[in-house]
Each structure stands twice: as structure tokens, then as C-alpha cells.
file final-v5.cif (mmCIF, C-alpha atoms and all ligand atoms)
data_structure
loop_
_atom_site.label_atom_id
_atom_site.label_comp_id
_atom_site.auth_asym_id
_atom_site.auth_seq_id
_atom_site.Cartn_x
_atom_site.Cartn_y
_atom_site.Cartn_z
CA MET A 1 -25.05 -10.19 10.06
CA SER A 2 -21.69 -9.31 8.53
CA VAL A 3 -18.16 -8.51 9.72
CA THR A 4 -15.83 -5.92 8.16
CA VAL A 5 -12.06 -5.87 8.65
CA ARG A 6 -9.80 -2.98 7.64
CA VAL A 7 -6.27 -3.94 6.60
CA PRO A 8 -3.27 -1.82 5.57
CA ALA A 9 -0.74 -1.98 2.73
CA LYS A 10 2.97 -2.41 3.44
CA VAL A 11 6.23 -1.02 2.20
CA ASN A 12 9.53 -2.87 2.63
CA VAL A 13 12.09 -0.47 4.04
CA GLN A 14 14.68 -3.21 3.68
CA LEU A 15 14.36 -6.28 1.50
CA ALA A 16 17.52 -8.38 1.65
CA VAL A 17 17.26 -11.48 -0.54
CA GLY A 18 19.41 -14.59 -0.26
CA ALA A 19 20.08 -17.26 -2.86
CA ALA A 20 17.21 -19.46 -4.12
CA ARG A 21 16.53 -22.36 -1.74
CA PRO A 22 15.88 -25.95 -2.89
CA ASP A 23 12.11 -25.26 -2.54
CA GLY A 24 12.41 -22.27 -4.91
CA PHE A 25 11.75 -19.69 -2.20
CA HIS A 26 14.41 -17.24 -1.05
CA ASP A 27 15.50 -16.57 2.49
CA LEU A 28 14.81 -12.95 3.29
CA ALA A 29 15.56 -10.27 5.83
CA ASN A 30 12.44 -8.28 5.22
CA VAL A 31 11.72 -5.11 7.21
CA PHE A 32 8.02 -4.38 6.81
CA LEU A 33 6.25 -1.14 7.63
CA ALA A 34 2.44 -0.99 7.49
CA VAL A 35 1.20 2.23 5.87
CA GLY A 36 -2.19 3.90 5.83
CA LEU A 37 -3.59 2.73 2.50
CA TYR A 38 -6.39 0.29 3.24
CA ASP A 39 -8.60 -2.41 1.84
CA GLU A 40 -11.82 -3.29 3.66
CA VAL A 41 -13.04 -6.88 3.53
CA THR A 42 -16.63 -7.72 4.52
CA VAL A 43 -17.88 -11.28 5.00
CA THR A 44 -21.58 -12.16 5.08
CA PRO A 45 -23.20 -15.61 5.35
CA ALA A 46 -24.19 -16.87 1.90
CA ALA A 47 -25.39 -20.04 0.15
CA GLU A 48 -21.86 -20.65 -1.15
CA LEU A 49 -18.42 -19.03 -1.28
CA ARG A 50 -18.44 -15.96 -3.50
CA VAL A 51 -15.98 -13.06 -3.91
CA THR A 52 -16.80 -9.57 -5.20
CA CYS A 53 -14.57 -6.52 -5.43
CA GLU A 54 -15.05 -2.79 -5.88
CA GLY A 55 -12.49 -0.03 -6.40
CA PRO A 56 -10.44 1.54 -9.21
CA ASP A 57 -8.42 -1.66 -9.89
CA ALA A 58 -11.28 -4.09 -9.17
CA GLY A 59 -11.22 -5.45 -12.72
CA GLN A 60 -7.74 -6.93 -12.15
CA VAL A 61 -8.71 -8.87 -9.01
CA PRO A 62 -9.43 -12.60 -9.52
CA LEU A 63 -12.84 -13.51 -8.08
CA ASP A 64 -12.33 -17.28 -8.08
CA ARG A 65 -10.84 -19.57 -5.45
CA THR A 66 -7.31 -18.36 -6.23
CA ASN A 67 -8.11 -15.07 -4.49
CA LEU A 68 -6.24 -15.08 -1.17
CA ALA A 69 -9.41 -13.92 0.62
CA ALA A 70 -11.28 -16.98 -0.69
CA ARG A 71 -8.34 -19.24 0.20
CA ALA A 72 -8.33 -17.82 3.74
CA ALA A 73 -12.03 -18.64 4.21
CA ILE A 74 -11.48 -22.16 2.80
CA ALA A 75 -8.43 -22.74 5.04
CA LEU A 76 -10.20 -21.72 8.26
CA ALA A 77 -13.40 -23.60 7.41
CA GLY A 78 -11.34 -26.69 6.50
CA ARG A 79 -9.71 -26.70 9.92
CA ARG A 80 -13.14 -26.62 11.60
CA GLY A 81 -14.86 -29.08 9.28
CA ILE A 82 -17.42 -26.49 8.16
CA GLU A 83 -18.35 -25.13 4.74
CA PRO A 84 -16.82 -21.74 3.78
CA ASN A 85 -20.23 -20.38 2.82
CA VAL A 86 -19.62 -16.64 2.85
CA HIS A 87 -19.85 -13.73 0.49
CA VAL A 88 -16.47 -11.98 0.70
CA HIS A 89 -16.60 -8.39 -0.53
CA ILE A 90 -13.34 -6.49 -1.00
CA ALA A 91 -13.39 -2.69 -1.11
CA LYS A 92 -9.99 -2.26 -2.72
CA ASP A 93 -7.78 0.77 -2.34
CA ILE A 94 -4.35 -0.96 -2.22
CA PRO A 95 -2.82 -1.23 -5.72
CA VAL A 96 -3.21 -4.65 -7.34
CA ALA A 97 0.02 -6.59 -8.16
CA GLY A 98 1.86 -3.52 -6.91
CA GLY A 99 4.38 -4.83 -4.38
CA MET A 100 2.34 -3.46 -1.47
CA ALA A 101 0.89 -6.80 -0.30
CA GLY A 102 -2.64 -5.99 -1.47
CA GLY A 103 -3.57 -9.64 -2.04
CA SER A 104 -1.90 -10.68 1.22
CA ALA A 105 -3.83 -7.96 3.05
CA ASP A 106 -7.12 -9.34 1.74
CA GLY A 107 -6.12 -12.84 2.86
CA ALA A 108 -5.35 -11.70 6.41
CA ALA A 109 -8.51 -9.58 6.55
CA ALA A 110 -10.79 -12.36 5.29
CA LEU A 111 -9.27 -14.78 7.80
CA LEU A 112 -9.89 -12.45 10.75
CA ALA A 113 -13.37 -11.58 9.45
CA CYS A 114 -14.39 -15.25 9.05
CA ASP A 115 -12.98 -16.13 12.47
CA THR A 116 -15.14 -13.37 13.96
CA LEU A 117 -18.25 -14.21 11.89
CA TRP A 118 -18.10 -17.95 12.60
CA GLY A 119 -16.95 -17.59 16.22
CA THR A 120 -14.22 -20.12 15.51
CA GLY A 121 -12.13 -18.62 18.31
CA ALA A 122 -8.79 -19.22 16.61
CA SER A 123 -5.81 -18.13 18.71
CA ARG A 124 -3.40 -15.52 17.42
CA GLU A 125 -0.89 -18.33 16.86
CA GLU A 126 -3.33 -20.37 14.76
CA LEU A 127 -4.28 -17.30 12.70
CA LEU A 128 -0.58 -16.59 12.06
CA GLU A 129 -0.01 -20.23 11.09
CA ILE A 130 -2.84 -20.09 8.54
CA CYS A 131 -1.52 -16.75 7.26
CA ALA A 132 1.93 -18.28 6.68
CA GLU A 133 0.32 -21.12 4.71
CA LEU A 134 -1.47 -18.58 2.52
CA GLY A 135 1.65 -16.60 1.60
CA SER A 136 4.93 -15.15 2.81
CA ASP A 137 3.59 -11.61 3.39
CA VAL A 138 0.20 -12.55 4.87
CA PRO A 139 1.30 -12.82 8.54
CA PHE A 140 2.59 -9.25 8.45
CA SER A 141 -0.73 -7.97 7.08
CA LEU A 142 -2.40 -9.44 10.17
CA VAL A 143 0.00 -7.89 12.71
CA GLY A 144 0.86 -4.56 11.03
CA GLY A 145 3.07 -1.96 12.71
CA ALA A 146 6.67 -2.70 11.81
CA ALA A 147 8.36 -6.08 11.83
CA LEU A 148 11.39 -8.00 10.67
CA GLY A 149 10.41 -11.06 8.65
CA VAL A 150 12.91 -13.88 8.16
CA GLY A 151 12.66 -17.28 6.49
CA ARG A 152 10.35 -16.68 3.51
CA GLY A 153 9.50 -13.44 5.30
CA GLU A 154 6.76 -15.11 7.35
CA ARG A 155 8.63 -15.49 10.67
CA LEU A 156 8.06 -12.12 12.31
CA THR A 157 9.62 -10.13 15.12
CA ALA A 158 7.86 -6.88 15.99
CA LEU A 159 10.03 -3.75 15.75
CA GLU A 160 9.90 -0.57 17.80
CA VAL A 161 9.29 2.58 15.78
CA GLY A 162 9.97 5.98 17.35
CA GLY A 163 7.80 8.15 15.12
CA THR A 164 5.65 8.42 12.03
CA PHE A 165 7.21 8.17 8.56
CA HIS A 166 5.62 9.98 5.63
CA TRP A 167 5.58 8.26 2.25
CA VAL A 168 4.51 8.88 -1.30
CA PHE A 169 3.55 5.93 -3.51
CA ALA A 170 3.50 6.11 -7.29
CA MET A 171 1.45 3.44 -9.02
CA ALA A 172 2.64 2.06 -12.33
CA GLY A 173 0.57 1.54 -15.46
CA ARG A 174 0.73 -2.25 -15.13
CA GLY A 175 1.51 -4.88 -12.48
CA LEU A 176 4.56 -7.10 -11.97
CA SER A 177 4.32 -10.75 -11.01
CA THR A 178 6.23 -11.52 -7.80
CA PRO A 179 7.46 -14.94 -9.01
CA ALA A 180 8.69 -13.31 -12.25
CA VAL A 181 10.67 -10.71 -10.27
CA PHE A 182 12.28 -13.41 -8.10
CA ARG A 183 13.13 -15.38 -11.26
CA GLU A 184 14.78 -12.27 -12.70
CA PHE A 185 16.67 -11.84 -9.41
CA ASP A 186 17.97 -15.42 -9.85
CA ARG A 187 18.93 -14.73 -13.45
CA LEU A 188 20.83 -11.55 -12.54
CA ALA A 189 22.48 -13.37 -9.62
CA GLU A 190 23.80 -16.24 -11.76
CA GLY A 191 27.50 -16.83 -11.19
CA ARG A 192 27.62 -14.46 -8.20
CA GLU A 193 27.99 -15.35 -4.53
CA ILE A 194 24.79 -14.18 -2.78
CA PRO A 195 25.39 -13.28 0.88
CA GLU A 196 23.05 -14.39 3.68
CA PRO A 197 20.33 -11.78 4.07
CA VAL A 198 20.67 -9.76 7.28
CA ALA A 199 18.76 -6.78 8.65
CA SER A 200 20.76 -3.57 8.73
CA ALA A 201 21.50 -2.44 12.30
CA ASP A 202 21.61 1.20 11.13
CA LEU A 203 18.19 0.85 9.54
CA LEU A 204 16.66 -0.70 12.67
CA ALA A 205 18.18 2.14 14.74
CA ALA A 206 16.72 4.74 12.35
CA LEU A 207 13.27 3.15 12.70
CA ALA A 208 13.56 3.02 16.48
CA LYS A 209 14.49 6.72 16.57
CA GLY A 210 11.81 7.75 14.10
CA ASP A 211 14.55 9.55 12.15
CA ALA A 212 13.48 9.99 8.50
CA ASP A 213 16.88 11.17 7.23
CA ALA A 214 18.67 8.24 8.85
CA LEU A 215 16.04 5.85 7.47
CA ALA A 216 16.41 7.40 4.00
CA ALA A 217 20.15 6.74 4.13
CA THR A 218 19.65 3.06 4.93
CA VAL A 219 16.59 1.82 2.95
CA SER A 220 17.40 -0.89 0.42
CA ASN A 221 15.67 -3.40 -1.82
CA ASP A 222 17.61 -6.29 -3.37
CA LEU A 223 14.69 -6.93 -5.76
CA GLN A 224 14.98 -3.44 -7.25
CA PRO A 225 17.49 -4.31 -10.02
CA ALA A 226 15.24 -7.22 -11.06
CA ALA A 227 12.11 -5.04 -11.04
CA LEU A 228 13.92 -2.36 -13.07
CA SER A 229 15.19 -4.95 -15.50
CA LEU A 230 11.60 -6.10 -16.18
CA PHE A 231 10.15 -2.58 -16.02
CA PRO A 232 12.86 -0.07 -17.04
CA GLU A 233 10.49 2.94 -17.06
CA LEU A 234 10.39 2.77 -13.25
CA ALA A 235 13.83 4.45 -13.28
CA ASP A 236 12.17 7.62 -14.61
CA THR A 237 9.65 7.62 -11.76
CA LEU A 238 12.41 7.13 -9.18
CA ALA A 239 14.40 9.99 -10.72
CA ALA A 240 11.35 12.29 -10.75
CA GLY A 241 10.77 11.69 -7.04
CA ARG A 242 14.40 12.28 -6.16
CA GLU A 243 14.41 15.51 -8.19
CA ALA A 244 11.32 16.60 -6.27
CA GLY A 245 13.37 16.35 -3.07
CA ALA A 246 12.50 12.92 -1.70
CA PRO A 247 15.50 11.82 0.40
CA ALA A 248 14.85 8.19 -0.55
CA ALA A 249 13.28 6.58 -3.60
CA LEU A 250 12.89 2.84 -4.02
CA VAL A 251 10.79 0.13 -5.57
CA SER A 252 8.26 -1.25 -3.05
CA GLY A 253 8.80 -4.99 -2.57
CA SER A 254 8.71 -6.75 -5.94
CA GLY A 255 7.21 -3.61 -7.49
CA PRO A 256 6.17 -1.95 -9.62
CA THR A 257 4.86 0.62 -7.12
CA THR A 258 7.63 3.08 -6.28
CA ALA A 259 7.96 4.48 -2.74
CA PHE A 260 9.38 7.84 -1.71
CA LEU A 261 10.21 8.76 1.86
CA ALA A 262 9.61 12.41 2.80
CA ARG A 263 10.74 14.37 5.88
CA ASP A 264 7.20 15.36 6.92
CA ALA A 265 3.61 15.47 5.70
CA GLY A 266 4.09 18.78 3.85
CA ALA A 267 7.17 17.53 2.01
CA ALA A 268 5.26 14.37 1.06
CA GLU A 269 2.49 16.47 -0.55
CA LYS A 270 5.12 18.39 -2.57
CA VAL A 271 6.78 15.20 -3.81
CA ALA A 272 3.34 13.77 -4.65
CA GLU A 273 2.41 16.86 -6.67
CA ALA A 274 5.72 16.79 -8.58
CA LEU A 275 5.21 13.10 -9.39
CA ARG A 276 1.62 13.74 -10.56
CA VAL A 277 2.78 16.31 -13.13
CA SER A 278 5.94 14.35 -14.11
CA GLY A 279 4.06 12.06 -16.49
CA THR A 280 6.21 9.15 -15.31
CA CYS A 281 3.57 7.20 -13.40
CA GLY A 282 -0.09 6.50 -12.75
CA ALA A 283 -1.96 7.48 -9.58
CA VAL A 284 0.07 8.97 -6.73
CA ARG A 285 -0.89 8.50 -3.08
CA VAL A 286 0.41 9.79 0.24
CA ALA A 287 0.37 7.53 3.31
CA ALA A 288 2.07 7.43 6.71
CA GLY A 289 3.20 4.51 8.84
CA PRO A 290 3.41 2.56 11.00
CA VAL A 291 -0.30 1.77 11.37
CA ALA A 292 -2.11 -1.15 13.01
CA GLY A 293 -2.62 -4.44 11.15
CA ALA A 294 -5.94 -6.10 10.29
CA THR A 295 -8.67 -4.68 12.56
CA VAL A 296 -12.35 -5.62 12.95
CA LEU A 297 -14.43 -2.48 12.44
O1 LIG A 301 4.67 -16.61 -0.51
P1 LIG A 301 4.04 -16.05 -1.71
O2 LIG A 301 2.99 -16.96 -2.31
O3 LIG A 301 3.50 -14.67 -1.55
O4 LIG A 301 5.18 -15.93 -2.79
C1 LIG A 301 4.89 -15.67 -4.13
C2 LIG A 301 6.11 -16.06 -4.96
O5 LIG A 301 7.20 -15.19 -4.68
C3 LIG A 301 6.65 -17.45 -4.68
O6 LIG A 301 6.01 -18.41 -5.46
C4 LIG A 301 8.11 -17.31 -5.06
O7 LIG A 301 8.26 -17.36 -6.46
C5 LIG A 301 8.42 -15.89 -4.65
N1 LIG A 301 9.01 -15.79 -3.29
C6 LIG A 301 10.32 -16.22 -3.10
N2 LIG A 301 10.87 -16.12 -1.85
C7 LIG A 301 10.17 -15.61 -0.82
C8 LIG A 301 8.85 -15.15 -1.00
C9 LIG A 301 8.29 -15.27 -2.26
O8 LIG A 301 10.98 -16.68 -4.03
N3 LIG A 301 10.75 -15.52 0.37
#

call {"tool": "encode", "arguments": {"input": "final-v5.cif", "output": "C-alpha cells", "more": "lines below"}}
Ligand code: C5P
result
Amino acid sequence: MSVTVRVPAKVNVQLAVGAARPDGFHDLANVFLAVGLYDEVTVTPAAELRVTCEGPDAGQVPLDRTNLAARAAIALAGRRGIEPNVHVHIAKDIPVAGGMAGGSADGAAALLACDTLWGTGASREELLEICAELGSDVPFSLVGGAALGVGRGERLTALEVGGTFHWVFAMAGRGLSTPAVFREFDRLAEGREIPEPVASADLLAALAKGDADALAATVSNDLQPAALSLFPELADTLAAGREAGAPAALVSGSGPTTAFLARDAGAAEKVAEALRVSGTCGAVRVAAGPVAGATVL
């Protein structure tokens, strides 16, 4: 018997970052939108914990106990006093180290899959608590849709969204480490007063209306200068998308995936085609959101 969970990627339509806290984390106002690029995580009883991965980027995924999917199984089993003896298989379509919460998605998916497989009957609250222990973005991968995350980004409030937003995602030739991007943010922020992070009221209104132009005018990412500083070529990708008519172009989360908002599905295909021939990026994907979070298939 095995259980498969499908889990989406995310894009941050707003990522407001405060000053570094004493614990090294940063307070955030993080507006997440789940988009239709998916990993599928399957858990099957096994003699011992084992992780395998398939997909174009599978070679970059760690298969040891640092993998968030493995850590999720260990965390849930630990709470129940059982052994985490499962084979976790990840069918990976979300870019690795891309700023789209691919690792977090696998953590949330493995947690839900193990809970179902083992019949542990964890409540939603307990699952969210374990997710928050695993990482700042993991709770959102479980709930999906759209949400405002505060604190490290793990304390979520669901947001109303009045329509579907069409996005284009351009993968980069290499990954960026999230801690390295936050460190660069701190370096660039040295000597400056960093305001408290707050969600933009105009952005939340644009989401609620489902208005792509209004959303395009309000998207923002405070990590973008840090990502560009570590990966300057991303500026060429952003420019290529803007030239192709995307009303908004931004780095997704800590990057290096770049995200382009389009007015509709047809416009998204045009931007995607222009990016593919621009020579400024790797694979280009189209995806719409919001979509549901981790779901047992
Ligand atoms: O929570 P998570 O393990 O995903 O965070 C990865 C890294 O990103 C942290 O170790 C930290 O360097 C940085 N981070 C941060 N502030 C946050 C979230 C993450 O500085 N709110």
C-alpha cells in the first residue's frame, strides 16, 4: 500500500523583509500564491527510511536525512514513538533551489502522506506545527491558495482571491541558497534603517479583485536586490520578460527563478515564447494560481 500527495509551488507576490532578528531570521510580510507546478510525493512502507527522486533536476536533490521530506517523516514518527520506515519517492517538477518552495513542498507532502499511510490522525493544527518546525515556507505548502505569512513567514492568514492569475516562470542555470540571499540582504542593508515589514493594502485589494494589472502595479520583493547582487544575469531575464509585454517581472522569493505576471493565458504563452528564444534563461514554464495546497491523490 502506498499514498501519493500532490503539492504545488509558490510565488511570493509580496515579500517584505524586516531587519535580522537576534535568532538570525527576519520578520516577514510574505504574500504567498500557490501556482500549478507540482511535485508528487509517494510514501510506501519499507525496511528503513529511504528517499528517491525523479525528474529533470533530480540530481540536485539531497537523498539523505537533510531532505525536508525525510525530516517530515522523522518528525511525525518521532511524535508517535514509531520508526519512520518508509520509502519516500519524489516526482519532481518544481525547480530545485529556485525560490519556489520546492523543498518545502516536498516536506509538507511527505508529512501529509505519512499521516495518511500510518493513520496517525494528526489534526490540521498539529500538521501545521510540524510544518513550521521544518521550515518557514512549509506551512504554506500544506494549505496552498493564497495567504499572508508573518513572523518567519510561517504564521498564516488565508487570503481571498477574486480570480486566476497567469504566470510565466523562467528557471536559471544554477540555484541560489536562501541563507546566502538573506545574508546579502543584511549586507546591503548595513547602516540603513529597515522598516517593519507590512503587507500592502493595494496588493491585497488587487488579489481580492482578481485584477492582474492592479496586482502587477503592486508586486514587490525586498530580496530582489540581494538576489540580483549574487546573480546579476537575472536582470537580463527580467528585462526580456518586460520587453515581451509582461506587466510585472520579479525574482520569485530568494530566487533565482524569475516570475512574470501576464494578463491572461494567451499573453502568458507569448511571454514564455519570447523568454525561450531570448537566451537569457533555462527552462520556461507557464502556471496559474491560486491552486489548492498539498492533496492526497
Ligand atoms: O525556515 P527555512 O529553513 O526555510 O529558512 C532557510 C534560511 O533562510 C534560514 O536559515 C535563514 O537564513 C533564512 N530565513 C530568514 N528569515 C526568514 C526565513 C528564512 O532569514 N523569515

call {"tool": "residues_near_ligand", "arguments": {"input": "final-v5.cif", "ligand": "ligand LIG 301 (chain A)", "cutoff": "9 Å", "atoms": "all atoms listed in the file", "output": "ChimeraX atom specification"}}
result
/A:17-18,20-21,23-30,101,103-104,132-138,150-154,177-183,254

call {"tool": "closest_residue", "arguments": {"input": "final-v5.cif", "among": "A:Val271, A:Ala34, A:Leu297, A:Ala206", "to": "Gly144 of chain A", "atoms": "all atoms listed in the file"}}
result
A:Ala34

call {"tool": "atom_distance", "arguments": {"input": "final-v5.cif", "atom1": "atom CA of Pro8 of chain A", "atom2": "atom CA of Val41 of chain A"}}
result
11.2 Å

call {"tool": "closest_residue", "arguments": {"input": "final-v5.cif", "among": "A:Val296, A:Val11, A:Val35, A:Val286", "to": "Ala113 of chain A", "atoms": "all atoms listed in the file"}}
result
A:Val296

call {"tool": "residues_around", "arguments": {"input": "final-v5.cif", "residues": "Ile94 of chain A", "least_positions_apart": "6", "cutoff": "8 Å", "atoms": "all atoms listed in the file", "output": "list in words"}}
result
Pro8, Ala9, Leu37, Tyr38, Asp39, Met100 and Gly102 of chain A

call {"tool": "atom_distance", "arguments": {"input": "final-v5.cif", "atom1": "atom CA of Pro290 of chain A", "atom2": "atom CA of Leu207 of chain A"}}
result
10.0 Å

call {"tool": "residues_around", "arguments": {"input": "final-v5.cif", "residues": "Ala267 of chain A", "least_positions_apart": "5", "cutoff": "9 Å", "atoms": "only C-alpha atoms", "output": "list of chain:residue names"}}
result
A:His166, A:Gly245, A:Ala246, A:Ala262, A:Ala272

call {"tool": "write_last_selection", "arguments": {"input": "final-v5.cif", "atoms": "C-alpha atoms", "output": "mmCIF file, keeping the file's coordinate frame"}}
result
data_model
loop_
_atom_site.group_PDB
_atom_site.id
_atom_site.type_symbol
_atom_site.label_atom_id
_atom_site.label_comp_id
_atom_site.auth_asym_id
_atom_site.auth_seq_id
_atom_site.Cartn_x
_atom_site.Cartn_y
_atom_site.Cartn_z
ATOM 1 C CA HIS A 166 5.620 9.980 5.630
ATOM 2 C CA GLY A 245 13.370 16.350 -3.070
ATOM 3 C CA ALA A 246 12.500 12.920 -1.700
ATOM 4 C CA ALA A 262 9.610 12.410 2.800
ATOM 5 C CA ALA A 272 3.340 13.770 -4.650
#

call {"tool": "atom_distance", "arguments": {"input": "final-v5.cif", "atom1": "atom CA of Gly175 of chain A", "atom2": "atom CA of Ala239 of chain A"}}
result
19.8 Å

call {"tool": "closest_residue", "arguments": {"input": "final-v5.cif", "among": "A:Glu160, A:Glu40, A:Asp222, A:Glu184", "to": "Asn12 of chain A", "atoms": "all atoms listed in the file"}}
result
A:Asp222

call {"tool": "closest_residue", "arguments": {"input": "final-v5.cif", "among": "A:Gly279, A:Gly98, A:Gly191, A:Pro232", "to": "Ser252 of chain A", "atoms": "all atoms listed in the file"}}
result
A:Gly98

call {"tool": "decode", "arguments": {"input": "final-v5.cif", "residues": "segment 157-196 of chain A", "atoms": "C-alpha atoms", "output": "PDB file, in the first residue's frame"}}
result
ATOM      1  CA  THR A 157      -3.784  34.047   7.338  1.00  0.00           C
ATOM      2  CA  ALA A 158      -5.707  32.826   4.299  1.00  0.00           C
ATOM      3  CA  LEU A 159      -6.431  35.496   1.672  1.00  0.00           C
ATOM      4  CA  GLU A 160      -9.400  35.847  -0.654  1.00  0.00           C
ATOM      5  CA  VAL A 161      -8.524  35.820  -4.344  1.00  0.00           C
ATOM      6  CA  GLY A 162     -11.090  37.014  -6.887  1.00  0.00           C
ATOM      7  CA  GLY A 163      -9.745  35.298  -9.996  1.00  0.00           C
ATOM      8  CA  THR A 164      -6.971  33.308 -11.597  1.00  0.00           C
ATOM      9  CA  PHE A 165      -3.563  34.894 -12.235  1.00  0.00           C
ATOM     10  CA  HIS A 166      -1.420  33.700 -15.129  1.00  0.00           C
ATOM     11  CA  TRP A 167       2.324  33.466 -14.621  1.00  0.00           C
ATOM     12  CA  VAL A 168       5.455  32.604 -16.529  1.00  0.00           C
ATOM     13  CA  PHE A 169       8.469  31.224 -14.659  1.00  0.00           C
ATOM     14  CA  ALA A 170      11.988  31.304 -16.056  1.00  0.00           C
ATOM     15  CA  MET A 171      14.422  28.888 -14.466  1.00  0.00           C
ATOM     16  CA  ALA A 172      18.040  29.913 -14.051  1.00  0.00           C
ATOM     17  CA  GLY A 173      21.105  27.876 -14.921  1.00  0.00           C
ATOM     18  CA  ARG A 174      22.019  27.394 -11.256  1.00  0.00           C
ATOM     19  CA  GLY A 175      20.388  27.654  -7.827  1.00  0.00           C
ATOM     20  CA  LEU A 176      20.712  30.273  -5.081  1.00  0.00           C
ATOM     21  CA  SER A 177      20.976  29.403  -1.407  1.00  0.00           C
ATOM     22  CA  THR A 178      18.241  31.072   0.656  1.00  0.00           C
ATOM     23  CA  PRO A 179      20.533  31.751   3.663  1.00  0.00           C
ATOM     24  CA  ALA A 180      23.100  33.319   1.298  1.00  0.00           C
ATOM     25  CA  VAL A 181      20.453  35.650  -0.151  1.00  0.00           C
ATOM     26  CA  PHE A 182      19.315  36.728   3.327  1.00  0.00           C
ATOM     27  CA  ARG A 183      22.962  37.323   4.283  1.00  0.00           C
ATOM     28  CA  GLU A 184      23.371  39.504   1.192  1.00  0.00           C
ATOM     29  CA  PHE A 185      20.181  41.356   2.171  1.00  0.00           C
ATOM     30  CA  ASP A 186      21.783  42.051   5.583  1.00  0.00           C
ATOM     31  CA  ARG A 187      24.999  43.205   3.930  1.00  0.00           C
ATOM     32  CA  LEU A 188      23.167  45.581   1.575  1.00  0.00           C
ATOM     33  CA  ALA A 189      21.040  46.835   4.493  1.00  0.00           C
ATOM     34  CA  GLU A 190      24.029  47.707   6.691  1.00  0.00           C
ATOM     35  CA  GLY A 191      23.789  51.245   8.043  1.00  0.00           C
ATOM     36  CA  ARG A 192      20.200  51.679   6.819  1.00  0.00           C
ATOM     37  CA  GLU A 193      17.032  51.799   8.900  1.00  0.00           C
ATOM     38  CA  ILE A 194      14.899  48.795   7.851  1.00  0.00           C
ATOM     39  CA  PRO A 195      11.162  49.442   8.291  1.00  0.00           C
ATOM     40  CA  GLU A 196       8.805  46.871   9.840  1.00  0.00           C
TER      41      GLU A 196
END
